[in-house]
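See below for start_21.pdb, which holds PDB, C-alpha atoms.
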ATOM      1  CA  GLN A   1      15.444  -5.471  12.300  1.00  0.00           C
ATOM      2  CA  VAL A   2      13.708  -4.590   9.053  1.00  0.00           C
ATOM      3  CA  GLN A   3      10.117  -3.557   9.495  1.00  0.00           C
ATOM      4  CA  LEU A   4       7.251  -2.266   7.417  1.00  0.00           C
ATOM      5  CA  VAL A   5       4.499  -0.993   9.667  1.00  0.00           C
ATOM      6  CA  GLU A   6       1.151   0.020   8.195  1.00  0.00           C
ATOM      7  CA  SER A   7      -1.314   2.371   9.812  1.00  0.00           C
ATOM      8  CA  GLY A   8      -4.320   4.451   8.883  1.00  0.00           C
ATOM      9  CA  GLY A   9      -6.909   1.789   8.235  1.00  0.00           C
ATOM     10  CA  GLY A  10     -10.391   1.941   9.648  1.00  0.00           C
ATOM     11  CA  LEU A  11     -14.090   2.096   8.937  1.00  0.00           C
ATOM     12  CA  VAL A  12     -15.368   4.653   6.451  1.00  0.00           C
ATOM     13  CA  GLN A  13     -18.585   5.208   4.548  1.00  0.00           C
ATOM     14  CA  ALA A  14     -18.711   4.770   0.805  1.00  0.00           C
ATOM     15  CA  GLY A  15     -17.431   7.881  -0.913  1.00  0.00           C
ATOM     16  CA  GLY A  16     -15.088   8.682   1.935  1.00  0.00           C
ATOM     17  CA  SER A  17     -11.311   8.810   2.106  1.00  0.00           C
ATOM     18  CA  LEU A  18      -8.496   7.231   4.060  1.00  0.00           C
ATOM     19  CA  ARG A  19      -4.737   7.603   3.931  1.00  0.00           C
ATOM     20  CA  LEU A  20      -2.627   4.578   4.695  1.00  0.00           C
ATOM     21  CA  SER A  21       0.953   4.939   5.840  1.00  0.00           C
ATOM     22  CA  CYS A  22       3.798   2.449   5.701  1.00  0.00           C
ATOM     23  CA  ALA A  23       6.775   3.266   7.890  1.00  0.00           C
ATOM     24  CA  ALA A  24       9.894   1.445   6.687  1.00  0.00           C
ATOM     25  CA  SER A  25      12.907   0.905   8.917  1.00  0.00           C
ATOM     26  CA  GLY A  26      15.973  -1.242   9.420  1.00  0.00           C
ATOM     27  CA  ARG A  27      17.647  -0.820   6.024  1.00  0.00           C
ATOM     28  CA  THR A  28      17.705   1.308   2.930  1.00  0.00           C
ATOM     29  CA  PHE A  29      15.061   0.577   0.330  1.00  0.00           C
ATOM     30  CA  SER A  30      16.493   2.518  -2.608  1.00  0.00           C
ATOM     31  CA  SER A  31      16.656  -0.619  -4.762  1.00  0.00           C
ATOM     32  CA  TYR A  32      13.121  -1.716  -3.988  1.00  0.00           C
ATOM     33  CA  VAL A  33       9.714  -1.190  -5.459  1.00  0.00           C
ATOM     34  CA  MET A  34       7.332  -0.108  -2.741  1.00  0.00           C
ATOM     35  CA  GLY A  35       3.819  -1.353  -3.179  1.00  0.00           C
ATOM     36  CA  TRP A  36       0.404  -1.775  -1.658  1.00  0.00           C
ATOM     37  CA  TYR A  37      -1.547  -4.997  -1.920  1.00  0.00           C
ATOM     38  CA  ARG A  38      -4.896  -6.020  -0.509  1.00  0.00           C
ATOM     39  CA  GLN A  39      -6.731  -9.173   0.379  1.00  0.00           C
ATOM     40  CA  ALA A  40     -10.481  -9.319   0.753  1.00  0.00           C
ATOM     41  CA  PRO A  41     -12.208 -12.149   2.629  1.00  0.00           C
ATOM     42  CA  GLY A  42     -12.263 -15.296   0.542  1.00  0.00           C
ATOM     43  CA  LYS A  43     -10.123 -13.776  -2.193  1.00  0.00           C
ATOM     44  CA  GLU A  44      -6.487 -13.912  -3.174  1.00  0.00           C
ATOM     45  CA  ARG A  45      -4.135 -11.076  -2.402  1.00  0.00           C
ATOM     46  CA  GLU A  46      -4.057  -8.574  -5.243  1.00  0.00           C
ATOM     47  CA  PHE A  47      -1.759  -5.792  -6.331  1.00  0.00           C
ATOM     48  CA  VAL A  48      -3.083  -2.265  -5.760  1.00  0.00           C
ATOM     49  CA  ALA A  49      -0.317   0.235  -6.463  1.00  0.00           C
ATOM     50  CA  SER A  50       3.459   0.584  -6.596  1.00  0.00           C
ATOM     51  CA  GLU A  51       6.250   3.079  -6.981  1.00  0.00           C
ATOM     52  CA  THR A  52       9.998   2.729  -7.000  1.00  0.00           C
ATOM     53  CA  TRP A  53      11.576   4.032  -3.817  1.00  0.00           C
ATOM     54  CA  SER A  54      13.914   6.193  -5.880  1.00  0.00           C
ATOM     55  CA  GLY A  55      10.943   7.785  -7.582  1.00  0.00           C
ATOM     56  CA  GLY A  56       9.569   7.598 -11.059  1.00  0.00           C
ATOM     57  CA  ASN A  57       6.929   5.293 -12.429  1.00  0.00           C
ATOM     58  CA  THR A  58       3.792   4.484 -10.547  1.00  0.00           C
ATOM     59  CA  TYR A  59       1.398   1.664 -11.320  1.00  0.00           C
ATOM     60  CA  TYR A  60      -2.169   0.986 -10.278  1.00  0.00           C
ATOM     61  CA  VAL A  61      -4.654  -1.780 -10.685  1.00  0.00           C
ATOM     62  CA  ASP A  62      -7.413  -0.615 -13.012  1.00  0.00           C
ATOM     63  CA  SER A  63     -10.069  -0.697 -10.301  1.00  0.00           C
ATOM     64  CA  VAL A  64      -8.377   2.064  -8.278  1.00  0.00           C
ATOM     65  CA  LYS A  65      -7.048   4.306 -11.032  1.00  0.00           C
ATOM     66  CA  GLY A  66      -8.191   7.870 -10.529  1.00  0.00           C
ATOM     67  CA  ARG A  67      -9.154   7.192  -6.900  1.00  0.00           C
ATOM     68  CA  PHE A  68      -5.961   6.030  -5.178  1.00  0.00           C
ATOM     69  CA  THR A  69      -2.557   7.705  -5.165  1.00  0.00           C
ATOM     70  CA  ILE A  70       0.706   6.206  -3.973  1.00  0.00           C
ATOM     71  CA  SER A  71       3.437   8.518  -2.753  1.00  0.00           C
ATOM     72  CA  ARG A  72       6.471   8.496  -0.499  1.00  0.00           C
ATOM     73  CA  ASP A  73       8.384  10.729   1.842  1.00  0.00           C
ATOM     74  CA  ASN A  74      12.031   9.727   1.622  1.00  0.00           C
ATOM     75  CA  ALA A  75      12.994  11.826   4.626  1.00  0.00           C
ATOM     76  CA  LYS A  76      10.487   9.927   6.765  1.00  0.00           C
ATOM     77  CA  ASN A  77      11.053   6.565   5.080  1.00  0.00           C
ATOM     78  CA  THR A  78       7.323   6.353   4.653  1.00  0.00           C
ATOM     79  CA  VAL A  79       5.082   5.317   1.789  1.00  0.00           C
ATOM     80  CA  TYR A  80       1.474   6.454   1.595  1.00  0.00           C
ATOM     81  CA  LEU A  81      -1.673   5.337  -0.139  1.00  0.00           C
ATOM     82  CA  GLN A  82      -4.276   8.060  -0.415  1.00  0.00           C
ATOM     83  CA  MET A  83      -7.635   6.443  -1.065  1.00  0.00           C
ATOM     84  CA  ASN A  84     -10.534   8.610  -2.209  1.00  0.00           C
ATOM     85  CA  SER A  85     -14.060   7.804  -3.347  1.00  0.00           C
ATOM     86  CA  LEU A  86     -13.913   4.537  -1.483  1.00  0.00           C
ATOM     87  CA  LYS A  87     -16.316   1.770  -2.430  1.00  0.00           C
ATOM     88  CA  PRO A  88     -17.527  -1.241  -0.448  1.00  0.00           C
ATOM     89  CA  GLU A  89     -15.507  -3.457  -2.792  1.00  0.00           C
ATOM     90  CA  ASP A  90     -12.346  -1.765  -1.518  1.00  0.00           C
ATOM     91  CA  THR A  91     -12.882  -3.496   1.807  1.00  0.00           C
ATOM     92  CA  ALA A  92      -9.821  -5.618   2.535  1.00  0.00           C
ATOM     93  CA  VAL A  93      -6.680  -5.950   4.579  1.00  0.00           C
ATOM     94  CA  TYR A  94      -4.098  -3.705   2.969  1.00  0.00           C
ATOM     95  CA  TYR A  95      -0.439  -4.691   3.027  1.00  0.00           C
ATOM     96  CA  CYS A  96       2.662  -2.668   2.345  1.00  0.00           C
ATOM     97  CA  ALA A  97       5.483  -4.503   0.580  1.00  0.00           C
ATOM     98  CA  ALA A  98       9.033  -3.932  -0.565  1.00  0.00           C
ATOM     99  CA  THR A  99       9.686  -6.056  -3.638  1.00  0.00           C
ATOM    100  CA  GLY A 100      11.892  -6.131  -6.682  1.00  0.00           C
ATOM    101  CA  ASP A 101      14.961  -7.074  -4.704  1.00  0.00           C
ATOM    102  CA  TYR A 102      15.922  -9.790  -2.280  1.00  0.00           C
ATOM    103  CA  PRO A 103      14.636 -10.448   0.264  1.00  0.00           C
ATOM    104  CA  GLU A 104      11.108  -9.121   0.016  1.00  0.00           C
ATOM    105  CA  TYR A 105       9.519  -7.495   3.011  1.00  0.00           C
ATOM    106  CA  TRP A 106       5.858  -7.334   3.968  1.00  0.00           C
ATOM    107  CA  GLY A 107       3.982  -5.489   6.645  1.00  0.00           C
ATOM    108  CA  GLN A 108       1.411  -7.007   8.948  1.00  0.00           C
ATOM    109  CA  GLY A 109      -1.542  -5.364   7.216  1.00  0.00           C
ATOM    110  CA  THR A 110      -4.182  -2.828   8.161  1.00  0.00           C
ATOM    111  CA  GLN A 111      -7.925  -3.351   7.835  1.00  0.00           C
ATOM    112  CA  VAL A 112      -9.971  -1.057   5.627  1.00  0.00           C
ATOM    113  CA  THR A 113     -13.728  -1.434   5.804  1.00  0.00           C
ATOM    114  CA  VAL A 114     -16.028   0.591   3.574  1.00  0.00           C
ATOM    115  CA  SER A 115     -19.694   0.578   4.500  1.00  0.00           C
ATOM    116  CA  SER A 116     -22.438   1.143   1.959  1.00  0.00           C
TER     117      SER A 116
END
Representation of the structure as structure tokens:
Amino acid sequence: QVQLVESGGGLVQAGGSLRLSCAASGRTFSSYVMGWYRQAPGKEREFVASETWSGGNTYYVDSVKGRFTISRDNAKNTVYLQMNSLKPEDTAVYYCAATGDYPEYWGQGTQVTVSS
């Protein structure tokens, strides 16, 4: 069974940091782009960051550039999102996704709440 399981969300004050983890299992993801997306209340899901599983280019939405870093540990089959200098507008459910190939896979999401 293919699974993407996120963890690491929580409540943090503005200016703080969190590291999200996405543990991938059930198949190899070498052909996929691993990404993080988020959905705030009342808003559509938006792209946050991505990186190919095989390494190389990373992409970020402008609002998180310089604050968030996506990385992966191939040995652990885990993708991370290091989030620094968090702002209240970063509050959302964060989802891990494997895209760029078929089928796509999505995790169940982890809540990040940033208090002002």
For this session: Skip region 70-74 of chain A itself and residues of its chain fewer than 2 positions away, then list as a PyMOL selection string all residues within 10 Å of it, counting all atoms listed in the file.
Result: chain A and resi 19-24+29-30+34-36+48-55+58-60+68+76-83
Could you tell me which residues the PyMOL selection byres ((chain A and resi 103-105) around 10) grabs in this file, written as a PDB file with C-alpha atoms, in the frame of the given file?
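Here's the written file out-v6.pdb:
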ATOM      1  CA  VAL A   2      13.708  -4.590   9.053  1.00  0.00           C
ATOM      2  CA  GLN A   3      10.117  -3.557   9.495  1.00  0.00           C
ATOM      3  CA  LEU A   4       7.251  -2.266   7.417  1.00  0.00           C
ATOM      4  CA  ALA A  24       9.894   1.445   6.687  1.00  0.00           C
ATOM      5  CA  TYR A  32      13.121  -1.716  -3.988  1.00  0.00           C
ATOM      6  CA  VAL A  33       9.714  -1.190  -5.459  1.00  0.00           C
ATOM      7  CA  MET A  34       7.332  -0.108  -2.741  1.00  0.00           C
ATOM      8  CA  CYS A  96       2.662  -2.668   2.345  1.00  0.00           C
ATOM      9  CA  ALA A  97       5.483  -4.503   0.580  1.00  0.00           C
ATOM     10  CA  ALA A  98       9.033  -3.932  -0.565  1.00  0.00           C
ATOM     11  CA  THR A  99       9.686  -6.056  -3.638  1.00  0.00           C
ATOM     12  CA  GLY A 100      11.892  -6.131  -6.682  1.00  0.00           C
ATOM     13  CA  ASP A 101      14.961  -7.074  -4.704  1.00  0.00           C
ATOM     14  CA  TYR A 102      15.922  -9.790  -2.280  1.00  0.00           C
ATOM     15  CA  TRP A 106       5.858  -7.334   3.968  1.00  0.00           C
ATOM     16  CA  GLY A 107       3.982  -5.489   6.645  1.00  0.00           C
TER      17      GLY A 107
END
Exercise. Pick from A:Val114, A:Glu6, A:Val93, A:Gly16: nearest to Gly42 (chain A), with all atoms listed in the file counted?
Worked result: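 Ranking A:Val114, A:Glu6, A:Val93, A:Gly16 by distance to Gly42 (chain A), first place goes to A:Val93.
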For this session: Grab the CA of Val12 (chain A) to CA of Ala75 (chain A) distance for me, in Å with one decimal place.
Result: 29.3 Å
For this session: Could you please determine the separation between CA of Pro88 (chain A) and CA of Gly109 (chain A) in Å, to one decimal place?
Result: 18.2 Å
For this session: Go through A:Gln108, A:Ala40, A:Glu89, A:Arg45 and flag the residue nearest Val64 (chain A), using all atoms listed in the file for the distances.
Result: A:Glu89
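Residue membership of the PyMOL selection byres ((chain A and resi 11) around 9) in the shown file amounts to A:Gly9, A:Gly10, A:Val12, A:Gln13, A:Gln111, A:Val112, A:Thr113, A:Val114, A:Ser115.
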Problem set entry | Separation of CA of Asn84 (chain A) from CA of Leu18 (chain A), in Å and rounded to one decimal |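 Between these atoms lies a distance of 6.7 Å.
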